[in-house]
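K.L.:
Quick one: the structure is below, questions incoming.
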Amino acid sequence: MASCSAKAAASLFKRTLALSPPRGAGPGTGGGGGRCGGSGSACATSLGSGRLRSGGSRLLQPSPASAPAALPPRFLATQPLSPPVLFLQDSLSASLRICYKYLNQTSRSFATVIQALDGELRNAVCIFYLVLRALDTVEDDMTINLETKIPMLQNFHSYLYQPDWKFMESKEQHRQVLEDFPTISLEFRNLAKVYQDVIVEVCHRMGLGMAEFLEKKVDSKQDWDRYCHYVAGLVGIGLSRLFSASELEDPIIGHDTELANSMGLFLQKTNIIRDYLEDQVEDREFWPSEVWSKYVKKLSDLAKPENIDKAVQCMNELITNTLHHVPDVLIYLSRLKNRSVFNFCAIPQVMAIATLAACYNNKQVFRGTVKIRKGQAVTLMMDATNIDAVKAIMYQYVEEIYQKIPSTDPSSSRTQQIIASIRSMSVPSSALLSRIHYSPIYLSCVMLLAALSWQYLSTVSKATEEFVHTGEN
């Protein structure tokens with residue numbers, strides 16, 4: 001098996017960023033008032049996920065042509081949403097305005113999400129993103145030799161406390177975050193210490209993990225978990241700690257790192273499974289050899305037509321492994337009390353379970369691209385607004401997987417067992433279950449609202465970027 005090259009190694013925050021809806025008003029899921037917040041897991045969140053490639057990020061959602069990049073209003077929620085708030089840029093320091101300019105340049109859609117956050121959490125997540133974007137730019141730059149790159153990754157966290165450190169030799173698209181790193185590190189040092197501690201620790205651990213997997217193979221299932229922890233689990237852990245530090249969520253959200261890690265692993269593994277063919281084309285290998293070697297001699301052999309049955313069995317085994325994270329996901333989400341944080345975390349997870357259901361026992365994974373339909377994606381985005389709705393969605397898709405389990409599949413008994421466990425945690429009420437299927441008129445309304453919302457959010461994002469530019473000049 002080919003080793004994971006620098007291009008194929010950890011892709012960090014961009015692999016785990018998912019879009020969040022506009023900030024809501026009023027108390028969140030499970031009660032609890034206070035400020036609304038959200039984050040990037042990839043969190044997407046991660047707690048959300050998309051996997052970075054050299055051409056850009058791949059989120060756990062349909063391609064830009066298949067679905068809007070921002071979320072529509074949650075008209076199924078018990079309370080209406082407030083529109084996204086365009087915070088006043090003129091209240092920011094000149095260096096912080098530059099940071100938001102870089103945020104808009106490197107991730108326009110995620111910039112809109114961050115700018116909808118409340119108070120100090122907004123700036124903390126912005127800087128968290130830019131620091132990890134800079135770290136990722138080092139890792140992703142193939143022009144940096146390993147003798148230079150490995151020490152940089154391992155020591156990158158220390159540069160946050162070196163006011164003049166910058167790197168001018170990168171050839172990557174987003175090299176401005178390295179060339180003007182002094183501005184980013186300045187705003188990092190201006191954050192409250194509780195936020196600094198989270199960011200520097202995650203940056204340190206992630207840099208070490210990136211260096212480890214520059215040339216290391218993903219052999220065992222433990223290696224797979226470890227790799228996914230570095231590129232996705234750590235983002236989930238870091239953002240969970242930011243949620244708690246902001247007091248939008250209880251301390252247990254930041255303290256229970258096992259659940260936060262599972263949130264990231266569920267998203268990352270789903271991406272790795274879905275993107276088998278694309279990764280093969282780009283000479284990247286993330287499937288653990290402990291699993292695929294039971295079916296073929298080389299991972300690339302799974303794409304051969306004569307091996308299609310074995311390929312599907314191998315994929316089904318990995319999907320079964322990934323489903324074991326769902327109980328942790330449900331526990332994590334059930335603890336969230338702030339509505340916008342909940343939506344931000346929940347939407348990538350329901351997109352992931354829908355993706356797994358589409359991939360399970362599907363030969364198309366080895367022949368082309370498996371995507372979630374546009375209408376399906378919009379419905380998921382609009383419905384994942386509370387824990388009961390998320391449980392209903394999880395129940396629907398694990399039932400879909402269950403109905404497709406072949407009796408001859410080597411992993412069938414294990415798949416049935418984990419589905420039984422998920423069922424026990426996610427049995428929906430009859431009222432919620434009846435809302436899973438919608439009429440064409442309903443879906444037409446959904447699509448109209450989605451289009452209008454995306455147009456509005458795009459306008460807000462563009463206006464914000466122009467505001468930053470104007471303020472800078």
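Going by the structure tokens order, chains are called A, B, ..., each with residues numbered from 1, while ligands are numbered from 1 in the order shown.
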Taking the chain letters and numbering used in this document, name the residues of range 200-387 of chain A that DSSP puts in alpha helix (DSSP H), as a PyMOL selection string.

P.N.:
chain A and resi 200-212+221-228+234-245+251-255+257-274+276-281+289-292+308-323+326-335+339-359+374-383+387

K.L.:
Give me, as number ranges by chain, all polymer residues having an atom no more than 7 Å from range 188-191 of chain A, counting only C-alpha atoms and skipping those fewer than 4 positions away in the same chain.

P.N.:
A: 124, 127, 184, 195-196

K.L.:
What does the distance between CA of Leu323 in chain A and CA of Lys269 in chain A come to in Å, to one decimal place?

P.N.:
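Answer for the CA of Leu323 in chain A to CA of Lys269 in chain A separation: 9.6 Å.
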
K.L.:
Would you mind listing what lies within 9 Å of Met315 in chain A as number ranges by chain, with only C-alpha atoms counted and same-chain residues fewer than 4 positions away left out?

P.N.:
A: 273, 292, 310-311, 319-320, 359-362, 365

K.L.:
Which residues of range 134-227 of chain A come within 10 Å of range 98-102 of chain A, and what is each one's closest atom pair and distance in Å (one decimal), counting only C-alpha atoms, sorted by chain and residue number, as a Markdown table?

P.N.:
| residue | atom | partner | partner_atom | distance |
| --- | --- | --- | --- | --- |
| A:His174 | CA | A:Tyr102 | CA | 8.8 |
| A:Gln176 | CA | A:Tyr102 | CA | 7.8 |
| A:Val177 | CA | A:Tyr102 | CA | 7.1 |
| A:Asp180 | CA | A:Cys99 | CA | 9.6 |
| A:Phe181 | CA | A:Cys99 | CA | 9.7 |
| A:Thr183 | CA | A:Cys99 | CA | 7.3 |
| A:Ile184 | CA | A:Cys99 | CA | 6.3 |
| A:Ser185 | CA | A:Cys99 | CA | 10.0 |
| A:Glu187 | CA | A:Cys99 | CA | 8.1 |

K.L.:
Next, dump the selected residues to file, keeping only N, CA and C atoms, as a PDB file, in the first residue's frame.

P.N.:
ATOM      1  N   HIS A 174      -3.688  29.847  -0.435  1.00  0.00           N
ATOM      2  CA  HIS A 174      -4.016  30.682   0.718  1.00  0.00           C
ATOM      3  C   HIS A 174      -2.776  31.057   1.516  1.00  0.00           C
ATOM      4  N   GLN A 176      -1.467  33.761   2.051  1.00  0.00           N
ATOM      5  CA  GLN A 176      -1.515  35.024   2.777  1.00  0.00           C
ATOM      6  C   GLN A 176      -1.622  34.812   4.285  1.00  0.00           C
ATOM      7  N   VAL A 177      -2.195  33.684   4.715  1.00  0.00           N
ATOM      8  CA  VAL A 177      -2.302  33.447   6.159  1.00  0.00           C
ATOM      9  C   VAL A 177      -0.949  33.102   6.767  1.00  0.00           C
ATOM     10  N   ASP A 180       1.195  36.803   6.330  1.00  0.00           N
ATOM     11  CA  ASP A 180       0.777  37.813   7.317  1.00  0.00           C
ATOM     12  C   ASP A 180       0.388  37.139   8.625  1.00  0.00           C
ATOM     13  N   PHE A 181       1.103  36.087   8.978  1.00  0.00           N
ATOM     14  CA  PHE A 181       0.804  35.391  10.231  1.00  0.00           C
ATOM     15  C   PHE A 181       0.962  36.300  11.450  1.00  0.00           C
ATOM     16  N   THR A 183      -0.216  39.183  11.957  1.00  0.00           N
ATOM     17  CA  THR A 183      -1.520  39.772  12.254  1.00  0.00           C
ATOM     18  C   THR A 183      -2.429  38.770  12.944  1.00  0.00           C
ATOM     19  N   ILE A 184      -2.413  37.524  12.465  1.00  0.00           N
ATOM     20  CA  ILE A 184      -3.242  36.474  13.064  1.00  0.00           C
ATOM     21  C   ILE A 184      -2.766  36.160  14.473  1.00  0.00           C
ATOM     22  N   SER A 185      -1.453  36.029  14.648  1.00  0.00           N
ATOM     23  CA  SER A 185      -0.933  35.692  15.981  1.00  0.00           C
ATOM     24  C   SER A 185      -1.180  36.835  16.967  1.00  0.00           C
ATOM     25  N   GLU A 187      -3.857  38.802  17.028  1.00  0.00           N
ATOM     26  CA  GLU A 187      -5.237  38.675  17.480  1.00  0.00           C
ATOM     27  C   GLU A 187      -5.434  37.413  18.334  1.00  0.00           C
TER      28      GLU A 187
END

K.L.:
Excluding Ser158 in chain A and residues on its chain fewer than 6 positions from it, collect all residues at most 10 Å away from it, counting only C-alpha atoms, and give them as a list in words.

P.N.:
Met152, Trp165, Val200, Cys203 and His204 of chain A

K.L.:
Out of A:Gln376, A:Thr143, A:Thr415, A:Asn316, which residue has the shortest atom-to-atom distance to Ala354 in chain A when counting only C-alpha atoms?

P.N.:
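Once distances to Ala354 in chain A are computed over only C-alpha atoms, the minimum belongs to A:Gln376.
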
K.L.:
Rank A:Ala94, A:Ala192, A:Leu153, A:Val427 by their smallest atom-to-atom distance to Asn123 in chain A, using only C-alpha atoms, and report the top residue only.

P.N.:
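Among A:Ala94, A:Ala192, A:Leu153, A:Val427, it is A:Ala192 that comes nearest to Asn123 in chain A.
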
K.L.:
Quote the spacing between CA of Gln268 in chain A and CA of Phe286 in chain A in Å to one decimal place.

P.N.:
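If I compute the distance from CA of Gln268 in chain A to CA of Phe286 in chain A, I get 10.5 Å.
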
K.L.:
Could you give me, as number ranges by chain, the residues within 6 Å of Glu179 in chain A, counting only C-alpha atoms and dropping anything in the same chain fewer than 5 positions from it?

P.N.:
A: 166-168
